[in-house]
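Below is protein15.txt, holding compact mmCIF, C-alpha atoms and all ligand atoms.
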```txt
# COMPACT_ATOMS: atom_id res chain seq x y z
CA MET A 8 -17.61 -16.46 -28.16
CA GLY A 9 -15.71 -19.40 -26.67
CA ASN A 10 -16.97 -22.96 -26.36
CA TYR A 11 -16.19 -23.64 -22.75
CA PHE A 12 -19.68 -23.72 -21.29
CA ASN A 13 -21.51 -25.66 -23.98
CA ASN A 14 -23.74 -27.50 -21.51
CA ILE A 15 -24.94 -24.27 -19.99
CA PRO A 16 -27.74 -22.30 -21.64
CA GLU A 17 -28.21 -18.54 -21.69
CA ILE A 18 -29.54 -17.61 -18.28
CA ARG A 19 -32.95 -15.97 -18.50
CA TYR A 20 -35.49 -14.63 -16.04
CA GLU A 21 -38.11 -17.28 -15.28
CA GLY A 22 -39.64 -15.89 -12.08
CA PRO A 23 -39.62 -16.93 -8.41
CA LYS A 24 -41.52 -20.17 -8.97
CA SER A 25 -39.04 -21.57 -11.47
CA LYS A 26 -37.15 -24.66 -10.31
CA ASN A 27 -34.69 -24.40 -13.20
CA PRO A 28 -31.34 -23.81 -11.51
CA MET A 29 -29.98 -22.17 -14.66
CA SER A 30 -32.45 -19.29 -14.54
CA PHE A 31 -32.92 -16.03 -12.70
CA LYS A 32 -35.75 -16.07 -10.18
CA PHE A 33 -35.65 -12.34 -9.37
CA TYR A 34 -33.23 -10.59 -11.73
CA ASP A 35 -35.41 -9.42 -14.59
CA PRO A 36 -33.14 -6.98 -16.45
CA GLU A 37 -35.87 -5.06 -18.29
CA LYS A 38 -38.26 -4.74 -15.32
CA ILE A 39 -38.82 -1.17 -14.19
CA VAL A 40 -38.11 -0.65 -10.52
CA TYR A 41 -38.05 2.76 -8.89
CA GLY A 42 -38.19 4.53 -12.26
CA LYS A 43 -35.44 2.63 -14.09
CA LYS A 44 -34.70 -0.75 -15.62
CA MET A 45 -33.23 -3.24 -13.18
CA LYS A 46 -30.15 -3.60 -15.34
CA GLU A 47 -29.58 0.17 -15.16
CA HIS A 48 -29.82 0.15 -11.36
CA LEU A 49 -27.54 -2.87 -11.21
CA PRO A 50 -24.57 -2.65 -13.59
CA PHE A 51 -23.10 -6.03 -12.64
CA ALA A 52 -19.47 -6.86 -13.23
CA MET A 53 -17.48 -10.07 -13.33
CA ALA A 54 -14.24 -10.15 -11.34
CA TRP A 55 -11.56 -11.62 -13.60
CA TRP A 56 -9.51 -12.86 -10.67
CA HIS A 57 -12.05 -14.91 -8.76
CA ASN A 58 -14.00 -16.21 -11.70
CA LEU A 59 -11.24 -17.09 -14.12
CA CYS A 60 -8.10 -17.39 -12.00
CA ALA A 61 -9.03 -18.61 -8.49
CA ALA A 62 -9.15 -22.39 -8.46
CA GLY A 63 -9.80 -23.21 -4.82
CA THR A 64 -6.38 -22.95 -3.22
CA ASP A 65 -6.33 -22.01 0.46
CA MET A 66 -3.69 -21.98 3.20
CA PHE A 67 -4.12 -25.71 3.68
CA GLY A 68 -4.73 -27.14 0.25
CA THR A 69 -4.19 -26.92 -3.45
CA ILE A 70 -6.62 -26.32 -6.31
CA THR A 71 -9.97 -28.07 -6.47
CA ALA A 72 -11.33 -26.48 -9.65
CA ASP A 73 -9.98 -26.70 -13.18
CA LYS A 74 -9.56 -23.15 -14.50
CA SER A 75 -7.14 -24.12 -17.26
CA PHE A 76 -9.85 -23.77 -19.91
CA GLY A 77 -7.98 -26.40 -21.90
CA ALA A 78 -4.66 -24.51 -22.00
CA GLU A 79 -1.36 -24.91 -20.21
CA LEU A 80 -1.46 -22.86 -16.99
CA GLY A 81 0.71 -19.76 -16.91
CA THR A 82 1.00 -19.37 -20.70
CA MET A 83 -0.35 -16.77 -23.11
CA ASP A 84 -2.57 -19.53 -24.53
CA HIS A 85 -4.08 -19.74 -21.07
CA ALA A 86 -4.49 -15.96 -20.93
CA ARG A 87 -6.36 -16.04 -24.26
CA ALA A 88 -8.51 -18.98 -23.16
CA LYS A 89 -9.51 -17.08 -20.01
CA ALA A 90 -10.49 -14.07 -22.11
CA GLU A 91 -12.63 -16.28 -24.37
CA ALA A 92 -14.22 -17.95 -21.35
CA ALA A 93 -14.87 -14.52 -19.83
CA VAL A 94 -16.80 -13.28 -22.83
CA GLU A 95 -18.81 -16.49 -23.15
CA PHE A 96 -19.59 -16.46 -19.42
CA MET A 97 -20.69 -12.82 -19.36
CA GLN A 98 -22.81 -13.18 -22.48
CA LYS A 99 -24.63 -16.19 -21.07
CA LEU A 100 -25.48 -14.25 -17.91
CA GLY A 101 -26.12 -10.88 -19.56
CA ILE A 102 -23.30 -9.25 -17.56
CA GLU A 103 -21.93 -6.18 -19.32
CA TYR A 104 -18.92 -5.25 -17.20
CA TYR A 105 -15.72 -6.80 -15.94
CA CYS A 106 -13.04 -5.76 -13.46
CA PHE A 107 -9.42 -6.80 -13.61
CA HIS A 108 -5.97 -6.54 -12.06
CA ASP A 109 -3.12 -6.30 -14.58
CA VAL A 110 -1.75 -9.72 -13.67
CA ASP A 111 -5.14 -11.43 -13.80
CA LEU A 112 -4.93 -10.96 -17.56
CA VAL A 113 -1.47 -12.40 -18.24
CA PRO A 114 1.20 -14.37 -16.42
CA GLU A 115 3.63 -11.94 -14.82
CA ALA A 116 7.18 -12.14 -16.21
CA THR A 117 10.37 -11.46 -14.24
CA ASP A 118 11.05 -8.43 -16.41
CA ILE A 119 8.27 -5.82 -16.25
CA ASN A 120 8.87 -4.94 -19.93
CA GLU A 121 7.92 -8.49 -20.86
CA THR A 122 4.79 -8.30 -18.69
CA ASN A 123 3.82 -5.06 -20.42
CA ASP A 124 4.27 -6.63 -23.88
CA ARG A 125 2.00 -9.46 -22.80
CA LEU A 126 -0.56 -6.95 -21.53
CA ASP A 127 -0.53 -5.18 -24.90
CA GLU A 128 -1.07 -8.47 -26.66
CA ILE A 129 -3.95 -9.59 -24.44
CA SER A 130 -5.64 -6.20 -24.50
CA ASP A 131 -5.74 -6.35 -28.32
CA TYR A 132 -7.28 -9.78 -28.01
CA ILE A 133 -9.86 -8.77 -25.38
CA LEU A 134 -10.91 -5.79 -27.49
CA LYS A 135 -11.26 -8.06 -30.50
CA LEU A 136 -13.42 -10.50 -28.51
CA THR A 137 -15.65 -7.79 -27.04
CA ASP A 138 -15.98 -5.84 -30.29
CA GLY A 139 -19.66 -5.78 -31.29
CA THR A 140 -20.81 -6.95 -27.84
CA ASN A 141 -22.09 -4.86 -24.90
CA ILE A 142 -19.16 -5.96 -22.79
CA LYS A 143 -16.86 -3.31 -21.34
CA CYS A 144 -14.68 -2.60 -18.36
CA LEU A 145 -16.11 -1.33 -15.07
CA TRP A 146 -12.75 -0.71 -13.46
CA GLY A 147 -9.15 -1.74 -13.65
CA THR A 148 -6.46 -1.92 -11.03
CA ALA A 149 -2.83 -2.91 -10.53
CA ASN A 150 -1.99 -5.86 -8.34
CA MET A 151 0.47 -4.25 -5.94
CA PHE A 152 0.31 -6.93 -3.29
CA GLY A 153 1.16 -10.33 -4.81
CA ASN A 154 4.71 -9.86 -6.05
CA PRO A 155 7.36 -10.25 -3.28
CA ARG A 156 8.74 -6.80 -4.11
CA TYR A 157 5.65 -5.41 -2.34
CA MET A 158 6.33 -7.19 0.94
CA ASN A 159 6.90 -3.81 2.65
CA GLY A 160 4.16 -2.04 0.72
CA ALA A 161 3.80 -0.43 -2.70
CA GLY A 162 3.11 3.31 -2.40
CA SER A 163 4.10 2.85 1.25
CA SER A 164 7.28 0.89 0.56
CA ASN A 165 10.51 1.89 2.26
CA SER A 166 12.23 1.34 -1.11
CA ALA A 167 12.19 4.08 -3.74
CA ASP A 168 12.82 1.45 -6.44
CA VAL A 169 9.73 -0.48 -5.38
CA PHE A 170 7.75 2.76 -5.35
CA CYS A 171 8.77 3.25 -9.00
CA PHE A 172 7.61 -0.27 -9.88
CA ALA A 173 4.26 0.51 -8.27
CA ALA A 174 4.11 3.67 -10.38
CA ALA A 175 4.94 1.70 -13.52
CA GLN A 176 2.17 -0.80 -12.80
CA VAL A 177 -0.37 1.93 -12.08
CA LYS A 178 0.57 3.69 -15.32
CA LYS A 179 0.14 0.53 -17.36
CA ALA A 180 -3.10 -0.46 -15.62
CA LEU A 181 -4.46 3.04 -16.32
CA ASP A 182 -3.47 2.70 -19.99
CA LEU A 183 -5.39 -0.59 -20.13
CA THR A 184 -8.40 0.78 -18.27
CA VAL A 185 -8.65 3.67 -20.72
CA ARG A 186 -8.25 1.31 -23.71
CA PHE A 187 -11.06 -0.87 -22.32
CA GLY A 188 -13.31 2.17 -21.75
CA GLY A 189 -13.33 1.63 -17.97
CA ARG A 190 -15.63 3.72 -15.79
CA GLY A 191 -13.24 3.72 -12.87
CA TYR A 192 -9.79 2.92 -11.54
CA VAL A 193 -9.34 1.27 -8.12
CA PHE A 194 -6.64 1.42 -5.48
CA TRP A 195 -6.95 -1.36 -2.96
CA GLY A 196 -4.04 -1.06 -0.52
CA GLY A 197 -3.61 -4.61 0.66
CA ARG A 198 0.05 -4.01 1.55
CA GLU A 199 -0.38 -0.33 2.40
CA GLY A 200 -0.24 -0.62 6.16
CA TYR A 201 2.05 -1.99 8.81
CA GLU A 202 2.75 -4.90 11.09
CA SER A 203 4.81 -2.98 13.66
CA LEU A 204 5.25 0.69 14.52
CA LEU A 205 8.80 -0.16 15.59
CA ASN A 206 9.90 -0.21 11.94
CA THR A 207 7.35 2.15 10.37
CA ASP A 208 7.09 5.87 9.66
CA VAL A 209 3.32 6.15 9.22
CA LYS A 210 3.27 9.82 8.18
CA PHE A 211 6.01 9.27 5.59
CA GLU A 212 4.18 6.25 4.16
CA GLN A 213 0.83 8.02 3.94
CA GLU A 214 2.43 11.02 2.23
CA ASN A 215 4.02 8.72 -0.33
CA ILE A 216 0.76 6.87 -1.03
CA ALA A 217 -0.95 10.22 -1.59
CA ALA A 218 1.88 11.32 -3.91
CA LEU A 219 1.45 8.16 -5.98
CA MET A 220 -2.29 8.80 -6.19
CA HIS A 221 -1.76 12.41 -7.27
CA MET A 222 0.58 11.25 -10.03
CA ALA A 223 -1.99 8.65 -11.09
CA VAL A 224 -4.69 11.34 -11.34
CA GLU A 225 -2.41 13.64 -13.31
CA TYR A 226 -1.40 10.86 -15.71
CA GLY A 227 -4.92 9.43 -16.01
CA ARG A 228 -6.40 12.80 -16.92
CA SER A 229 -3.59 13.38 -19.44
CA ILE A 230 -4.52 10.20 -21.35
CA GLY A 231 -8.24 10.99 -21.36
CA PHE A 232 -9.46 9.07 -18.32
CA THR A 233 -12.62 10.92 -17.25
CA GLY A 234 -13.95 8.34 -14.77
CA ASP A 235 -13.58 8.21 -11.02
CA PHE A 236 -10.63 6.94 -9.08
CA TYR A 237 -11.68 4.79 -6.17
CA ILE A 238 -10.11 3.66 -2.93
CA GLU A 239 -11.44 0.36 -1.63
CA PRO A 240 -11.23 0.45 2.16
CA LYS A 241 -10.29 -2.64 4.12
CA PRO A 242 -9.11 -2.71 7.74
CA LYS A 243 -6.80 -5.73 7.69
CA GLU A 244 -5.74 -8.82 5.74
CA PRO A 245 -3.16 -9.27 4.44
CA MET A 246 -1.62 -6.58 6.74
CA LYS A 247 -2.39 -6.39 10.43
CA HIS A 248 -3.36 -2.75 10.04
CA GLN A 249 -4.25 -1.23 6.69
CA TYR A 250 -4.35 2.55 6.28
CA ASP A 251 -7.66 2.58 4.39
CA PHE A 252 -9.42 1.08 7.41
CA ASP A 253 -13.00 1.98 6.53
CA ALA A 254 -15.04 4.59 4.66
CA ALA A 255 -14.64 7.30 7.31
CA THR A 256 -10.86 6.85 7.64
CA THR A 257 -10.41 6.83 3.88
CA ILE A 258 -12.48 9.97 3.37
CA GLY A 259 -10.30 11.71 5.97
CA PHE A 260 -7.17 10.62 4.09
CA LEU A 261 -8.54 11.80 0.72
CA ARG A 262 -9.42 15.21 2.15
CA GLN A 263 -6.17 15.54 4.05
CA TYR A 264 -4.19 15.09 0.84
CA GLY A 265 -6.48 16.99 -1.54
CA LEU A 266 -7.59 13.90 -3.47
CA ASP A 267 -11.30 14.17 -2.73
CA LYS A 268 -12.26 15.76 -6.05
CA ASP A 269 -10.99 12.86 -8.15
CA PHE A 270 -11.62 9.95 -5.81
CA LYS A 271 -14.68 8.19 -4.50
CA LEU A 272 -14.97 4.91 -2.59
CA ASN A 273 -15.41 1.35 -3.73
CA ILE A 274 -17.23 -0.21 -0.78
CA GLU A 275 -16.87 -3.95 -0.34
CA ALA A 276 -19.44 -5.66 1.89
CA ASN A 277 -17.01 -8.09 3.48
CA HIS A 278 -14.42 -5.34 4.11
CA ALA A 279 -17.00 -3.25 5.96
CA THR A 280 -17.88 -6.18 8.21
CA LEU A 281 -14.18 -6.84 8.89
CA ALA A 282 -13.96 -3.23 10.07
CA GLY A 283 -16.71 -3.95 12.59
CA HIS A 284 -19.37 -2.15 10.55
CA THR A 285 -22.30 -3.27 8.48
CA PHE A 286 -22.10 -2.95 4.70
CA GLN A 287 -24.88 -0.36 4.85
CA HIS A 288 -22.99 1.69 7.43
CA ASP A 289 -20.04 2.21 5.12
CA LEU A 290 -22.38 2.95 2.21
CA ARG A 291 -24.13 5.60 4.33
CA ILE A 292 -20.84 7.21 5.34
CA ALA A 293 -19.73 7.27 1.70
CA ALA A 294 -23.07 8.64 0.49
CA ILE A 295 -23.38 11.49 2.98
CA ASN A 296 -19.88 12.60 2.05
CA GLY A 297 -20.54 12.54 -1.71
CA MET A 298 -18.19 9.58 -2.05
CA LEU A 299 -20.53 6.79 -3.17
CA GLY A 300 -18.61 5.32 -6.07
CA SER A 301 -18.79 1.60 -6.67
CA VAL A 302 -19.46 -1.62 -4.81
CA ASP A 303 -17.62 -4.90 -4.45
CA ALA A 304 -20.60 -7.18 -4.05
CA ASN A 305 -19.99 -10.11 -1.74
CA GLN A 306 -20.64 -11.14 1.83
CA GLY A 307 -18.56 -12.39 4.71
CA ASP A 308 -19.22 -14.92 7.41
CA TYR A 309 -20.00 -13.42 10.81
CA LEU A 310 -18.22 -16.32 12.50
CA LEU A 311 -14.96 -15.88 10.60
CA GLY A 312 -12.50 -13.02 10.98
CA TRP A 313 -11.24 -12.95 7.42
CA ASP A 314 -12.38 -12.01 3.94
CA THR A 315 -14.37 -15.03 2.78
CA ASP A 316 -15.63 -13.27 -0.39
CA GLU A 317 -18.84 -15.27 -0.59
CA PHE A 318 -21.52 -14.65 -3.17
CA PRO A 319 -24.22 -12.48 -1.59
CA PHE A 320 -27.09 -14.52 -0.22
CA ASN A 321 -28.31 -12.39 2.67
CA VAL A 322 -31.36 -10.53 1.38
CA TYR A 323 -31.64 -8.38 4.50
CA GLU A 324 -28.16 -7.11 3.83
CA THR A 325 -28.67 -6.41 0.12
CA THR A 326 -32.01 -4.76 0.90
CA MET A 327 -30.45 -2.38 3.39
CA ALA A 328 -27.48 -1.81 1.05
CA MET A 329 -29.77 -0.99 -1.89
CA TYR A 330 -31.80 1.27 0.40
CA GLU A 331 -28.62 3.27 1.05
CA ILE A 332 -27.65 3.28 -2.61
CA LEU A 333 -31.08 4.38 -3.86
CA LYS A 334 -31.31 7.09 -1.23
CA GLY A 335 -27.75 8.12 -2.04
CA GLY A 336 -28.63 8.65 -5.71
CA GLY A 337 -27.01 5.48 -7.11
CA LEU A 338 -23.44 4.59 -7.96
CA THR A 339 -21.07 6.14 -10.47
CA GLY A 340 -19.59 2.65 -10.84
CA GLY A 341 -21.36 -0.68 -10.52
CA PHE A 342 -21.61 -3.96 -8.65
CA ASN A 343 -18.48 -6.04 -9.02
CA PHE A 344 -18.83 -9.60 -7.76
CA ASP A 345 -15.60 -9.75 -5.82
CA ALA A 346 -16.82 -13.19 -4.81
CA LYS A 347 -15.68 -16.73 -5.28
CA ASN A 348 -17.25 -20.14 -5.13
CA ARG A 349 -16.69 -22.15 -1.98
CA ARG A 350 -13.79 -24.55 -2.40
CA PRO A 351 -15.91 -27.67 -2.91
CA SER A 352 -18.17 -25.87 -5.44
CA ASN A 353 -15.71 -26.72 -8.15
CA THR A 354 -17.54 -27.15 -11.46
CA TYR A 355 -18.37 -24.79 -14.32
CA GLU A 356 -22.02 -25.03 -13.25
CA ASP A 357 -21.03 -23.66 -9.84
CA MET A 358 -19.48 -20.60 -11.48
CA PHE A 359 -22.91 -19.85 -12.95
CA TYR A 360 -24.79 -20.70 -9.76
CA GLY A 361 -22.60 -18.21 -7.88
CA TYR A 362 -23.48 -15.36 -10.24
CA ILE A 363 -27.15 -16.35 -10.44
CA LEU A 364 -27.30 -16.27 -6.64
CA GLY A 365 -25.52 -12.92 -6.42
CA MET A 366 -27.55 -11.24 -9.14
CA ASP A 367 -30.84 -12.54 -7.76
CA THR A 368 -29.90 -11.46 -4.23
CA PHE A 369 -29.17 -7.91 -5.39
CA ALA A 370 -32.32 -7.85 -7.55
CA LEU A 371 -34.36 -8.81 -4.48
CA GLY A 372 -32.53 -6.19 -2.45
CA LEU A 373 -33.30 -3.56 -5.08
CA MET A 374 -37.02 -4.39 -5.24
CA LYS A 375 -37.37 -4.54 -1.47
CA ALA A 376 -35.44 -1.31 -0.93
CA ALA A 377 -37.65 0.44 -3.48
CA GLN A 378 -40.71 -0.84 -1.57
CA ILE A 379 -39.34 0.50 1.71
CA ILE A 380 -38.81 3.93 0.18
CA GLU A 381 -42.15 3.95 -1.65
CA ASP A 382 -43.95 2.78 1.51
CA GLY A 383 -42.57 5.88 3.23
CA ARG A 384 -43.23 4.90 6.85
CA ILE A 385 -39.56 4.66 7.77
CA GLU A 386 -38.62 7.93 6.08
CA SER A 387 -41.51 9.77 7.67
CA PHE A 388 -40.66 8.31 11.08
CA ILE A 389 -37.11 9.65 10.75
CA LYS A 390 -38.36 13.05 9.66
CA GLU A 391 -40.71 13.22 12.62
CA ARG A 392 -37.97 12.05 14.97
CA TYR A 393 -35.93 15.18 14.28
CA SER A 394 -38.91 17.53 14.03
CA SER A 395 -37.90 19.51 17.13
CA PHE A 396 -35.27 21.11 14.87
CA GLU A 397 -37.87 22.38 12.41
CA THR A 398 -39.19 25.26 14.51
CA GLY A 399 -38.22 27.50 17.41
CA ILE A 400 -34.88 27.04 19.11
CA GLY A 401 -34.18 23.84 17.12
CA LYS A 402 -34.52 25.64 13.82
CA ARG A 403 -32.15 28.36 15.00
CA ILE A 404 -29.58 25.71 16.01
CA ARG A 405 -29.73 24.26 12.49
CA LEU A 406 -29.33 27.73 10.99
CA GLY A 407 -26.27 28.36 13.16
CA ASP A 408 -28.12 31.37 14.50
CA THR A 409 -27.61 31.02 18.26
CA THR A 410 -25.01 30.91 21.02
CA LEU A 411 -24.02 28.59 23.82
CA GLN A 412 -25.18 31.27 26.29
CA GLU A 413 -28.64 31.46 24.71
CA LEU A 414 -29.03 27.69 24.66
CA SER A 415 -27.93 27.46 28.25
CA ASP A 416 -30.47 30.15 29.26
CA TYR A 417 -33.15 28.17 27.38
CA ALA A 418 -32.28 24.93 29.18
CA LEU A 419 -32.12 26.55 32.59
CA LYS A 420 -35.52 28.11 32.05
CA LEU A 421 -37.01 24.79 30.97
CA ARG A 422 -35.48 23.12 34.06
CA THR A 423 -36.04 19.63 32.69
CA PRO A 424 -36.66 18.61 29.04
CA ASN A 425 -39.56 16.61 27.65
CA SER A 426 -38.74 13.02 26.68
CA PRO A 427 -36.92 12.91 23.33
CA GLY A 428 -39.37 10.19 22.28
CA SER A 429 -39.15 6.50 21.55
CA GLY A 430 -36.67 5.27 18.94
CA ARG A 431 -39.25 2.62 17.90
CA GLN A 432 -36.59 0.27 16.54
CA GLU A 433 -38.72 -2.87 16.86
CA TYR A 434 -41.69 -1.22 15.13
CA LEU A 435 -39.41 -0.18 12.24
CA GLU A 436 -37.88 -3.65 12.01
CA SER A 437 -41.39 -5.07 11.78
CA ILE A 438 -42.10 -2.78 8.85
CA VAL A 439 -39.02 -4.13 7.07
CA ASN A 440 -40.16 -7.70 7.75
CA SER A 441 -43.66 -7.06 6.52
CA LEU A 442 -42.35 -5.48 3.33
CA LEU A 443 -39.90 -8.35 2.82
CA PHE A 444 -42.29 -11.18 3.52
CA GLY A 445 -45.77 -9.62 3.32
CA GLY A 446 -46.45 -11.49 0.11
CA CYS A 447 -46.22 -14.93 1.74
C1 LIG A 501 -9.10 -7.87 -1.66
C2 LIG A 501 -9.95 -7.22 -2.65
C3 LIG A 501 -9.33 -6.96 -3.97
C4 LIG A 501 -9.74 -5.65 -4.57
C5 LIG A 501 -9.00 -5.29 -5.83
O1 LIG A 501 -9.71 -8.09 -0.44
O2 LIG A 501 -11.10 -6.95 -2.40
O3 LIG A 501 -9.61 -8.01 -4.80
O4 LIG A 501 -11.10 -5.67 -4.87
O5 LIG A 501 -7.63 -5.33 -5.68
CO CO A 502 -12.62 -6.13 -3.52
```

Once more with this new file: its structure as C-alpha cells, please.
Amino acid sequence: MGNYFNNIPEIRYEGPKSKNPMSFKFYDPEKIVYGKKMKEHLPFAMAWWHNLCAAGTDMFGTITADKSFGAELGTMDHARAKAEAAVEFMQKLGIEYYCFHDVDLVPEATDINETNDRLDEISDYILKLTDGTNIKCLWGTANMFGNPRYMNGAGSSNSADVFCFAAAQVKKALDLTVRFGGRGYVFWGGREGYESLLNTDVKFEQENIAALMHMAVEYGRSIGFTGDFYIEPKPKEPMKHQYDFDAATTIGFLRQYGLDKDFKLNIEANHATLAGHTFQHDLRIAAINGMLGSVDANQGDYLLGWDTDEFPFNVYETTMAMYEILKGGGLTGGFNFDAKNRRPSNTYEDMFYGYILGMDTFALGLMKAAQIIEDGRIESFIKERYSSFETGIGKRIRLGDTTLQELSDYALKLRTPNSPGSGRQEYLESIVNSLLFGGC
C-alpha cells in the first residue's frame, strides 16, 4: 500500500446520522438488500483516468489539483506512483475494481513498441501491488481518441494505417485486461462519428468499425477472455455526431453486424442525458434487449450540454436506475465512477468525498429501488394497466392468433371503445416520494 493518503482513515459505514465526512452514511457493504449483500449488488470501480490522471484542466485553464503523487509528471516513476496511490485509495474505500485506458497507466511514447514495453512493465507492477488484495479489473479499454492520429476516427478512420494502430492498441489493451482478470472490455467511440457528410462515407466507416470489433472478439476469445465486450453509447462530444448515439442505436448496430452475442452495453448516465434520454430510459432499453452490461456511474448537469462527469448526487435518478437494474436482473459488469471532482475541489480529501458521495448515492438508490419493488404498488398498477390483453381479443393479439380483418370487425361491432383508463402518473410519483421520504 502507498503512503499518499496518510491523513485519511479507512472509510467505514457509520449510518445516516454520522457527521463524520470520512464515513459512509448509506453504503453498508455487508447489509442484505433484496436478497444480496450491498457490495454484491454494487461492484464499484475506480476510473484510473479521472481519479489519478485528471487534474482540473478545462478549455480555459490549467491544472488545479496536484496528481503528481510526488513523482515527475509523464515518467514511469509517476506511472508507478499512480498505481500505488490507486491501491491505497481503493483499499481505504473498500472498492474492489478499477477501469483503465491503456494510456492512463503509462505515458504514451512516440513509438508504439516503447508504449507497449512500458505497459508490460506497469502491468507487472500493478499485479504485484494487487497480489493478496481483493482488487481486480472491471474493464479495460484502449484510448483511441486522444492521439492526433485518431483525428479522423479509429475504426472509422479513412487511413488504413491508422486502422492498424487502433487494432494494435485494442490487442494490447485486451492482453492487459486478460492479465488483470477483467470482467469486460469497452469500446467507447469518441472519434467514431463525423463532423460533415460532405467528406464521410458512413456505411464504409460503420462496416470498418464492425470489422475491428469482430477481430477483437476473435482475438479476445483466443487468449482466454470470457467476459463481455461492451459498447458505451454517447451521442456527441468530442464529435458532432457519434455513431453509438444511444442504447437503441447501438443495439441496432450490434445486431446488424452480428456482434450481439459477444457485446452488451456500458450505459453512462451523463451520455444518456446528452442523447435526450434519462439514464433509466437507456437502462430499460438495454435490459429489455438482453444487453444490460455495465454502468458508468456519474451524472450530468441539466443546464449544460456537455459531459460534466459529476459524481452522482441525485437520489431520484439512482433510485430509478437501480429499479431498472434490479428488475433487469443486475449487471454482468459493475458501477464504474466515470466521474471527476469539480475543478475547485482540488485536494486529496475531495477525491475521497467524491467517491463517498457516489457510493452513498447508489446505496440509497439500491435500498429505495428495492423498497419500490417490494412495495409492489407500481408493478401491480402496470400489470393492471395492460390487463385487457390477458383475456379475450387482447389475449389473442398477444398470441399472434388473429388478423387485421378480425380486429377490424371487432372494432366496428363495438362502435366506440371504453376509455383505456387513467395513466395515474401523479399517484405513482406520490408513491415514489412516500417510499423515498416516508421515514422523515
Ligand atoms: C467519455 C467516456 C470515456 C469512456 C471510456 O465520455 O465516458 O471515459 O468511459 O473510454
Ligand atoms: Co464513460

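From CA of Ile102 (chain A) back to CA of Gln378 (chain A), the distance works out to 25.1 Å.
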
I'd like a table as a tab-separated table: residues in chain A with an atom no more than 9 Å from ligand CO 502 (chain A), each row giving the shortest atom pair and its distance in Å to one decimal, all atoms listed in the file counted, sorted by chain and rising residue number.
```
residue	atom	partner	partner_atom	distance
A:Ala54	CA	A:CO502	CO	8.9
A:Trp195	CA	A:CO502	CO	7.4
A:Glu239	CA	A:CO502	CO	6.9
A:Pro240	CA	A:CO502	CO	8.8
A:Lys241	CA	A:CO502	CO	8.7
A:Asn273	CA	A:CO502	CO	8.0
A:Ile274	CA	A:CO502	CO	8.0
A:Glu275	CA	A:CO502	CO	5.7
A:Ala276	CA	A:CO502	CO	8.7
A:Asn277	CA	A:CO502	CO	8.5
A:His278	CA	A:CO502	CO	7.9
A:Val302	CA	A:CO502	CO	8.3
A:Asp303	CA	A:CO502	CO	5.2
A:Ala304	CA	A:CO502	CO	8.1
A:Asn305	CA	A:CO502	CO	8.6
A:Asp316	CA	A:CO502	CO	8.4
A:Asn343	CA	A:CO502	CO	8.0
A:Phe344	CA	A:CO502	CO	8.3
A:Asp345	CA	A:CO502	CO	5.2
A:Ala346	CA	A:CO502	CO	8.3
```

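Restricting the calculation to only C-alpha atoms and all ligand atoms, the smallest distance between ligand LIG 501 (chain A) and any of A:Leu281, A:Ala175, A:Ala62, A:Leu310 is found for A:Leu281.
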
Item to check | Counting only C-alpha atoms and all ligand atoms, the option among A:Asn165, A:Asn150, A:Gln249, A:Thr354 closest to ligand LIG 501 (chain A) | outcome: A:Asn150

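For the pair CA of Leu136 (chain A) and CA of Ala90 (chain A), the separation is 7.9 Å.
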